[in-house]
>>> print(open('target.pdb').read())   # PDB, N, CA and C atoms
ATOM      1  N   MET E   1      97.986 110.827  74.364  1.00  0.00           N
ATOM      2  CA  MET E   1      99.295 111.259  74.804  1.00  0.00           C
ATOM      3  C   MET E   1      99.631 110.575  76.116  1.00  0.00           C
ATOM      4  N   CYS E   2     100.864 110.155  76.265  1.00  0.00           N
ATOM      5  CA  CYS E   2     101.331 109.498  77.481  1.00  0.00           C
ATOM      6  C   CYS E   2     102.283 110.429  78.219  1.00  0.00           C
ATOM      7  N   LEU E   3     102.308 110.297  79.525  1.00  0.00           N
ATOM      8  CA  LEU E   3     103.185 111.115  80.337  1.00  0.00           C
ATOM      9  C   LEU E   3     103.950 110.220  81.295  1.00  0.00           C
ATOM     10  N   ALA E   4     105.252 110.364  81.325  1.00  0.00           N
ATOM     11  CA  ALA E   4     106.100 109.684  82.297  1.00  0.00           C
ATOM     12  C   ALA E   4     106.722 110.765  83.169  1.00  0.00           C
ATOM     13  N   ILE E   5     106.781 110.512  84.472  1.00  0.00           N
ATOM     14  CA  ILE E   5     107.268 111.527  85.402  1.00  0.00           C
ATOM     15  C   ILE E   5     108.406 110.985  86.261  1.00  0.00           C
ATOM     16  N   PRO E   6     109.329 111.855  86.665  1.00  0.00           N
ATOM     17  CA  PRO E   6     110.398 111.420  87.561  1.00  0.00           C
ATOM     18  C   PRO E   6     109.872 111.248  88.991  1.00  0.00           C
ATOM     19  N   VAL E   7     110.307 110.180  89.628  1.00  0.00           N
ATOM     20  CA  VAL E   7     109.996 109.922  91.035  1.00  0.00           C
ATOM     21  C   VAL E   7     111.279 109.494  91.721  1.00  0.00           C
ATOM     22  N   GLN E   8     111.334 109.678  93.046  1.00  0.00           N
ATOM     23  CA  GLN E   8     112.526 109.274  93.789  1.00  0.00           C
ATOM     24  C   GLN E   8     112.238 108.013  94.591  1.00  0.00           C
ATOM     25  N   VAL E   9     113.171 107.065  94.538  1.00  0.00           N
ATOM     26  CA  VAL E   9     113.042 105.812  95.280  1.00  0.00           C
ATOM     27  C   VAL E   9     113.328 106.067  96.753  1.00  0.00           C
ATOM     28  N   LYS E  10     112.393 105.691  97.598  1.00  0.00           N
ATOM     29  CA  LYS E  10     112.578 105.803  99.044  1.00  0.00           C
ATOM     30  C   LYS E  10     112.954 104.468  99.663  1.00  0.00           C
ATOM     31  N   GLU E  11     112.439 103.370  99.078  1.00  0.00           N
ATOM     32  CA  GLU E  11     112.695 102.048  99.633  1.00  0.00           C
ATOM     33  C   GLU E  11     112.597 101.004  98.518  1.00  0.00           C
ATOM     34  N   VAL E  12     113.558 100.104  98.482  1.00  0.00           N
ATOM     35  CA  VAL E  12     113.511  98.988  97.552  1.00  0.00           C
ATOM     36  C   VAL E  12     112.812  97.833  98.269  1.00  0.00           C
ATOM     37  N   LEU E  13     111.830  97.244  97.612  1.00  0.00           N
ATOM     38  CA  LEU E  13     111.016  96.176  98.177  1.00  0.00           C
ATOM     39  C   LEU E  13     111.305  94.867  97.446  1.00  0.00           C
ATOM     40  N   PRO E  14     110.884  93.746  98.014  1.00  0.00           N
ATOM     41  CA  PRO E  14     111.075  92.462  97.315  1.00  0.00           C
ATOM     42  C   PRO E  14     110.300  92.404  95.995  1.00  0.00           C
ATOM     43  N   ASP E  15     110.659  91.420  95.182  1.00  0.00           N
ATOM     44  CA  ASP E  15     109.945  91.108  93.941  1.00  0.00           C
ATOM     45  C   ASP E  15     109.944  92.257  92.938  1.00  0.00           C
ATOM     46  N   ASN E  16     111.091  92.947  92.788  1.00  0.00           N
ATOM     47  CA  ASN E  16     111.223  94.038  91.806  1.00  0.00           C
ATOM     48  C   ASN E  16     110.199  95.147  92.011  1.00  0.00           C
ATOM     49  N   MET E  17     109.989  95.516  93.256  1.00  0.00           N
ATOM     50  CA  MET E  17     109.076  96.605  93.594  1.00  0.00           C
ATOM     51  C   MET E  17     109.851  97.646  94.397  1.00  0.00           C
ATOM     52  N   ALA E  18     109.327  98.863  94.426  1.00  0.00           N
ATOM     53  CA  ALA E  18     109.946  99.933  95.215  1.00  0.00           C
ATOM     54  C   ALA E  18     108.878 100.907  95.660  1.00  0.00           C
ATOM     55  N   LYS E  19     109.133 101.556  96.792  1.00  0.00           N
ATOM     56  CA  LYS E  19     108.285 102.657  97.238  1.00  0.00           C
ATOM     57  C   LYS E  19     108.945 103.938  96.764  1.00  0.00           C
ATOM     58  N   VAL E  20     108.188 104.768  96.052  1.00  0.00           N
ATOM     59  CA  VAL E  20     108.697 106.025  95.513  1.00  0.00           C
ATOM     60  C   VAL E  20     107.836 107.179  96.017  1.00  0.00           C
ATOM     61  N   THR E  21     108.371 108.392  95.893  1.00  0.00           N
ATOM     62  CA  THR E  21     107.596 109.571  96.274  1.00  0.00           C
ATOM     63  C   THR E  21     107.680 110.630  95.188  1.00  0.00           C
ATOM     64  N   LEU E  22     106.632 111.435  95.156  1.00  0.00           N
ATOM     65  CA  LEU E  22     106.577 112.610  94.303  1.00  0.00           C
ATOM     66  C   LEU E  22     105.786 113.662  95.060  1.00  0.00           C
ATOM     67  N   ASP E  23     106.441 114.743  95.427  1.00  0.00           N
ATOM     68  CA  ASP E  23     105.810 115.825  96.183  1.00  0.00           C
ATOM     69  C   ASP E  23     105.061 115.313  97.412  1.00  0.00           C
ATOM     70  N   GLY E  24     105.674 114.372  98.131  1.00  0.00           N
ATOM     71  CA  GLY E  24     105.099 113.870  99.376  1.00  0.00           C
ATOM     72  C   GLY E  24     104.101 112.745  99.219  1.00  0.00           C
ATOM     73  N   VAL E  25     103.777 112.381  98.009  1.00  0.00           N
ATOM     74  CA  VAL E  25     102.845 111.275  97.759  1.00  0.00           C
ATOM     75  C   VAL E  25     103.665 110.017  97.504  1.00  0.00           C
ATOM     76  N   SER E  26     103.375 108.941  98.252  1.00  0.00           N
ATOM     77  CA  SER E  26     104.086 107.672  98.096  1.00  0.00           C
ATOM     78  C   SER E  26     103.268 106.697  97.265  1.00  0.00           C
ATOM     79  N   LYS E  27     103.988 105.843  96.547  1.00  0.00           N
ATOM     80  CA  LYS E  27     103.351 104.832  95.710  1.00  0.00           C
ATOM     81  C   LYS E  27     104.308 103.659  95.588  1.00  0.00           C
ATOM     82  N   VAL E  28     103.764 102.455  95.527  1.00  0.00           N
ATOM     83  CA  VAL E  28     104.573 101.270  95.271  1.00  0.00           C
ATOM     84  C   VAL E  28     104.498 100.973  93.777  1.00  0.00           C
ATOM     85  N   ILE E  29     105.676 100.809  93.173  1.00  0.00           N
ATOM     86  CA  ILE E  29     105.756 100.624  91.720  1.00  0.00           C
ATOM     87  C   ILE E  29     106.602  99.398  91.382  1.00  0.00           C
ATOM     88  N   SER E  30     106.519  98.971  90.130  1.00  0.00           N
ATOM     89  CA  SER E  30     107.360  97.896  89.627  1.00  0.00           C
ATOM     90  C   SER E  30     108.673  98.461  89.100  1.00  0.00           C
ATOM     91  N   THR E  31     109.767  97.801  89.466  1.00  0.00           N
ATOM     92  CA  THR E  31     111.078  98.172  88.940  1.00  0.00           C
ATOM     93  C   THR E  31     111.643  97.047  88.068  1.00  0.00           C
ATOM     94  N   ALA E  32     110.792  96.163  87.596  1.00  0.00           N
ATOM     95  CA  ALA E  32     111.227  94.992  86.832  1.00  0.00           C
ATOM     96  C   ALA E  32     111.977  95.360  85.551  1.00  0.00           C
ATOM     97  N   LEU E  33     111.755  96.539  85.006  1.00  0.00           N
ATOM     98  CA  LEU E  33     112.379  96.938  83.747  1.00  0.00           C
ATOM     99  C   LEU E  33     113.689  97.698  83.930  1.00  0.00           C
ATOM    100  N   VAL E  34     114.096  97.938  85.189  1.00  0.00           N
ATOM    101  CA  VAL E  34     115.282  98.748  85.478  1.00  0.00           C
ATOM    102  C   VAL E  34     116.218  97.953  86.389  1.00  0.00           C
ATOM    103  N   ASP E  35     117.495  97.928  86.054  1.00  0.00           N
ATOM    104  CA  ASP E  35     118.481  97.199  86.853  1.00  0.00           C
ATOM    105  C   ASP E  35     119.050  98.054  87.979  1.00  0.00           C
ATOM    106  N   ASP E  36     119.422  97.389  89.066  1.00  0.00           N
ATOM    107  CA  ASP E  36     120.203  97.980  90.152  1.00  0.00           C
ATOM    108  C   ASP E  36     119.575  99.253  90.731  1.00  0.00           C
ATOM    109  N   VAL E  37     118.320  99.175  91.125  1.00  0.00           N
ATOM    110  CA  VAL E  37     117.620 100.319  91.723  1.00  0.00           C
ATOM    111  C   VAL E  37     117.991 100.413  93.198  1.00  0.00           C
ATOM    112  N   LYS E  38     118.322 101.641  93.638  1.00  0.00           N
ATOM    113  CA  LYS E  38     118.714 101.879  95.021  1.00  0.00           C
ATOM    114  C   LYS E  38     117.929 103.066  95.587  1.00  0.00           C
ATOM    115  N   PRO E  39     117.755 103.108  96.919  1.00  0.00           N
ATOM    116  CA  PRO E  39     117.131 104.292  97.519  1.00  0.00           C
ATOM    117  C   PRO E  39     117.897 105.552  97.115  1.00  0.00           C
ATOM    118  N   GLY E  40     117.154 106.594  96.802  1.00  0.00           N
ATOM    119  CA  GLY E  40     117.752 107.853  96.360  1.00  0.00           C
ATOM    120  C   GLY E  40     117.781 108.002  94.850  1.00  0.00           C
ATOM    121  N   ASP E  41     117.701 106.888  94.121  1.00  0.00           N
ATOM    122  CA  ASP E  41     117.668 106.964  92.657  1.00  0.00           C
ATOM    123  C   ASP E  41     116.400 107.671  92.193  1.00  0.00           C
ATOM    124  N   TYR E  42     116.500 108.336  91.064  1.00  0.00           N
ATOM    125  CA  TYR E  42     115.328 108.869  90.377  1.00  0.00           C
ATOM    126  C   TYR E  42     115.011 107.960  89.211  1.00  0.00           C
ATOM    127  N   LEU E  43     113.721 107.670  89.046  1.00  0.00           N
ATOM    128  CA  LEU E  43     113.248 106.817  87.972  1.00  0.00           C
ATOM    129  C   LEU E  43     112.190 107.553  87.172  1.00  0.00           C
ATOM    130  N   VAL E  44     112.093 107.230  85.901  1.00  0.00           N
ATOM    131  CA  VAL E  44     111.006 107.738  85.073  1.00  0.00           C
ATOM    132  C   VAL E  44     109.862 106.729  85.204  1.00  0.00           C
ATOM    133  N   LEU E  45     108.704 107.202  85.665  1.00  0.00           N
ATOM    134  CA  LEU E  45     107.562 106.347  85.978  1.00  0.00           C
ATOM    135  C   LEU E  45     106.428 106.561  84.983  1.00  0.00           C
ATOM    136  N   HIS E  46     105.883 105.455  84.499  1.00  0.00           N
ATOM    137  CA  HIS E  46     104.714 105.505  83.618  1.00  0.00           C
ATOM    138  C   HIS E  46     103.770 104.383  84.023  1.00  0.00           C
ATOM    139  N   VAL E  47     102.558 104.730  84.369  1.00  0.00           N
ATOM    140  CA  VAL E  47     101.486 103.819  84.796  1.00  0.00           C
ATOM    141  C   VAL E  47     101.963 102.698  85.720  1.00  0.00           C
ATOM    142  N   GLY E  48     102.742 103.060  86.729  1.00  0.00           N
ATOM    143  CA  GLY E  48     103.144 102.091  87.738  1.00  0.00           C
ATOM    144  C   GLY E  48     104.410 101.322  87.455  1.00  0.00           C
ATOM    145  N   TYR E  49     105.051 101.597  86.319  1.00  0.00           N
ATOM    146  CA  TYR E  49     106.279 100.897  85.947  1.00  0.00           C
ATOM    147  C   TYR E  49     107.417 101.896  85.762  1.00  0.00           C
ATOM    148  N   ALA E  50     108.551 101.612  86.407  1.00  0.00           N
ATOM    149  CA  ALA E  50     109.749 102.406  86.164  1.00  0.00           C
ATOM    150  C   ALA E  50     110.304 102.014  84.805  1.00  0.00           C
ATOM    151  N   LEU E  51     110.585 103.011  83.971  1.00  0.00           N
ATOM    152  CA  LEU E  51     111.092 102.750  82.627  1.00  0.00           C
ATOM    153  C   LEU E  51     112.605 102.890  82.527  1.00  0.00           C
ATOM    154  N   ALA E  52     113.177 103.796  83.348  1.00  0.00           N
ATOM    155  CA  ALA E  52     114.617 104.062  83.271  1.00  0.00           C
ATOM    156  C   ALA E  52     115.035 104.887  84.470  1.00  0.00           C
ATOM    157  N   LYS E  53     116.347 104.865  84.737  1.00  0.00           N
ATOM    158  CA  LYS E  53     116.901 105.789  85.728  1.00  0.00           C
ATOM    159  C   LYS E  53     117.117 107.138  85.051  1.00  0.00           C
ATOM    160  N   ILE E  54     117.088 108.188  85.859  1.00  0.00           N
ATOM    161  CA  ILE E  54     117.336 109.541  85.350  1.00  0.00           C
ATOM    162  C   ILE E  54     118.219 110.245  86.371  1.00  0.00           C
ATOM    163  N   ASP E  55     119.119 111.093  85.911  1.00  0.00           N
ATOM    164  CA  ASP E  55     119.997 111.741  86.881  1.00  0.00           C
ATOM    165  C   ASP E  55     119.223 112.797  87.672  1.00  0.00           C
ATOM    166  N   PRO E  56     119.646 113.044  88.920  1.00  0.00           N
ATOM    167  CA  PRO E  56     118.885 113.930  89.808  1.00  0.00           C
ATOM    168  C   PRO E  56     118.659 115.332  89.252  1.00  0.00           C
ATOM    169  N   GLU E  57     119.656 115.888  88.563  1.00  0.00           N
ATOM    170  CA  GLU E  57     119.502 117.240  88.021  1.00  0.00           C
ATOM    171  C   GLU E  57     118.419 117.280  86.945  1.00  0.00           C
ATOM    172  N   GLU E  58     118.429 116.295  86.068  1.00  0.00           N
ATOM    173  CA  GLU E  58     117.408 116.220  85.022  1.00  0.00           C
ATOM    174  C   GLU E  58     116.028 115.994  85.634  1.00  0.00           C
ATOM    175  N   ALA E  59     115.960 115.159  86.662  1.00  0.00           N
ATOM    176  CA  ALA E  59     114.685 114.912  87.337  1.00  0.00           C
ATOM    177  C   ALA E  59     114.135 116.208  87.928  1.00  0.00           C
ATOM    178  N   GLU E  60     114.978 116.974  88.603  1.00  0.00           N
ATOM    179  CA  GLU E  60     114.528 118.232  89.215  1.00  0.00           C
ATOM    180  C   GLU E  60     114.103 119.251  88.166  1.00  0.00           C
ATOM    181  N   ARG E  61     114.836 119.340  87.057  1.00  0.00           N
ATOM    182  CA  ARG E  61     114.442 120.264  85.975  1.00  0.00           C
ATOM    183  C   ARG E  61     113.075 119.880  85.411  1.00  0.00           C
ATOM    184  N   THR E  62     112.874 118.594  85.202  1.00  0.00           N
ATOM    185  CA  THR E  62     111.595 118.117  84.664  1.00  0.00           C
ATOM    186  C   THR E  62     110.457 118.393  85.641  1.00  0.00           C
ATOM    187  N   LEU E  63     110.680 118.109  86.919  1.00  0.00           N
ATOM    188  CA  LEU E  63     109.636 118.353  87.923  1.00  0.00           C
ATOM    189  C   LEU E  63     109.304 119.841  88.027  1.00  0.00           C
ATOM    190  N   GLU E  64     110.312 120.693  87.921  1.00  0.00           N
ATOM    191  CA  GLU E  64     110.061 122.136  87.957  1.00  0.00           C
ATOM    192  C   GLU E  64     109.236 122.573  86.757  1.00  0.00           C
ATOM    193  N   LEU E  65     109.523 122.053  85.590  1.00  0.00           N
ATOM    194  CA  LEU E  65     108.730 122.379  84.399  1.00  0.00           C
ATOM    195  C   LEU E  65     107.280 121.912  84.569  1.00  0.00           C
ATOM    196  N   LEU E  66     107.086 120.747  85.154  1.00  0.00           N
ATOM    197  CA  LEU E  66     105.717 120.258  85.406  1.00  0.00           C
ATOM    198  C   LEU E  66     104.981 121.158  86.397  1.00  0.00           C
ATOM    199  N   ARG E  67     105.697 121.617  87.432  1.00  0.00           N
ATOM    200  CA  ARG E  67     105.083 122.539  88.409  1.00  0.00           C
ATOM    201  C   ARG E  67     104.674 123.853  87.732  1.00  0.00           C
ATOM    202  N   GLN E  68     105.549 124.379  86.886  1.00  0.00           N
ATOM    203  CA  GLN E  68     105.241 125.620  86.186  1.00  0.00           C
ATOM    204  C   GLN E  68     104.047 125.431  85.254  1.00  0.00           C
ATOM    205  N   ALA E  69     104.005 124.316  84.565  1.00  0.00           N
ATOM    206  CA  ALA E  69     102.877 124.045  83.653  1.00  0.00           C
ATOM    207  C   ALA E  69     101.569 123.925  84.433  1.00  0.00           C
ATOM    208  N   ALA E  70     101.638 123.357  85.622  1.00  0.00           N
ATOM    209  CA  ALA E  70     100.430 123.200  86.436  1.00  0.00           C
ATOM    210  C   ALA E  70      99.900 124.554  86.902  1.00  0.00           C
ATOM    211  N   LEU E  71     100.793 125.527  87.081  1.00  0.00           N
ATOM    212  CA  LEU E  71     100.365 126.858  87.506  1.00  0.00           C
ATOM    213  C   LEU E  71      99.680 127.617  86.373  1.00  0.00           C
ATOM    214  N   GLY E  72     100.052 127.311  85.136  1.00  0.00           N
ATOM    215  CA  GLY E  72      99.449 127.970  83.982  1.00  0.00           C
ATOM    216  C   GLY E  72      99.580 129.465  84.059  1.00  0.00           C
ATOM    217  N   ASP E  73      98.457 130.168  83.911  1.00  0.00           N
ATOM    218  CA  ASP E  73      98.447 131.640  83.916  1.00  0.00           C
ATOM    219  C   ASP E  73      98.644 132.227  85.306  1.00  0.00           C
ATOM    220  N   ALA E  74      98.593 131.395  86.349  1.00  0.00           N
ATOM    221  CA  ALA E  74      98.739 131.902  87.706  1.00  0.00           C
ATOM    222  C   ALA E  74     100.181 132.268  88.040  1.00  0.00           C
ATOM    223  N   ALA E  75     101.139 131.837  87.217  1.00  0.00           N
ATOM    224  CA  ALA E  75     102.556 132.090  87.497  1.00  0.00           C
ATOM    225  C   ALA E  75     102.937 133.527  87.264  1.00  0.00           C
TER
END
>>> encode(input="target.pdb", output="structure tokens")
Amino acid sequence: MCLAIPVQVKEVLPDNMAKVTLDGVSKVISTALVDDVKPGDYLVLHVGYALAKIDPEEAERTLELLRQAALGDAA
């Protein structure tokens, strides 16, 4: 099973790269598969590659579902 997660772009870097964050964790990823990436955009990330842009509301809903799933029975 594969999992792609929403991340927010903090900085666009040269050579189709960007710095993104997820819950305070930063990572440099490839944006070669997505056009016109800007700071503030949300991207769907899979193994270091952005696959597509996603709207902020959908990104937040998805991240909330992931947080709830991580809590499991503790919720």
>>> residues_around(input="target.pdb", residues="Val20 (chain E)", least_positions_apart="3", cutoff="8 Å", atoms="only N, CA and C atoms", output="ChimeraX atom specification")
/E:7-12,17,23-29
>>> axis_aligned_box(input="target.pdb", around="region 2-20 of chain E", padding_each_side="3 Å", output="lines of an AutoDock Vina configuration file")
center_x = 107.2
center_y = 101.5
center_z = 88.0
size_x = 18.7
size_y = 26.7
size_z = 29.4
>>> atom_distance(input="target.pdb", atom1="atom N of Asp41 (chain E)", atom2="CA of Leu22 (chain E)")
12.5 Å
>>> atom_distance(input="target.pdb", atom1="atom N of Ala52 (chain E)", atom2="CA of Gly40 (chain E)")
14.4 Å
>>> atom_distance(input="target.pdb", atom1="atom N of Ala50 (chain E)", atom2="CA of Thr62 (chain E)")
16.9 Å
>>> residues_around(input="target.pdb", residues="Pro6 (chain E)", least_positions_apart="4", cutoff="5 Å", atoms="only N, CA and C atoms", output="list in words")
Leu43, Val44 and Leu45 of chain E
>>> resolve_selection(input="target.pdb", expression="the PyMOL selection byres ((chain E and resi 47) around 6.5)", output="list of chain:residue names")
E:Leu3, E:Ala4, E:Leu45, E:His46, E:Gly48, E:Tyr49
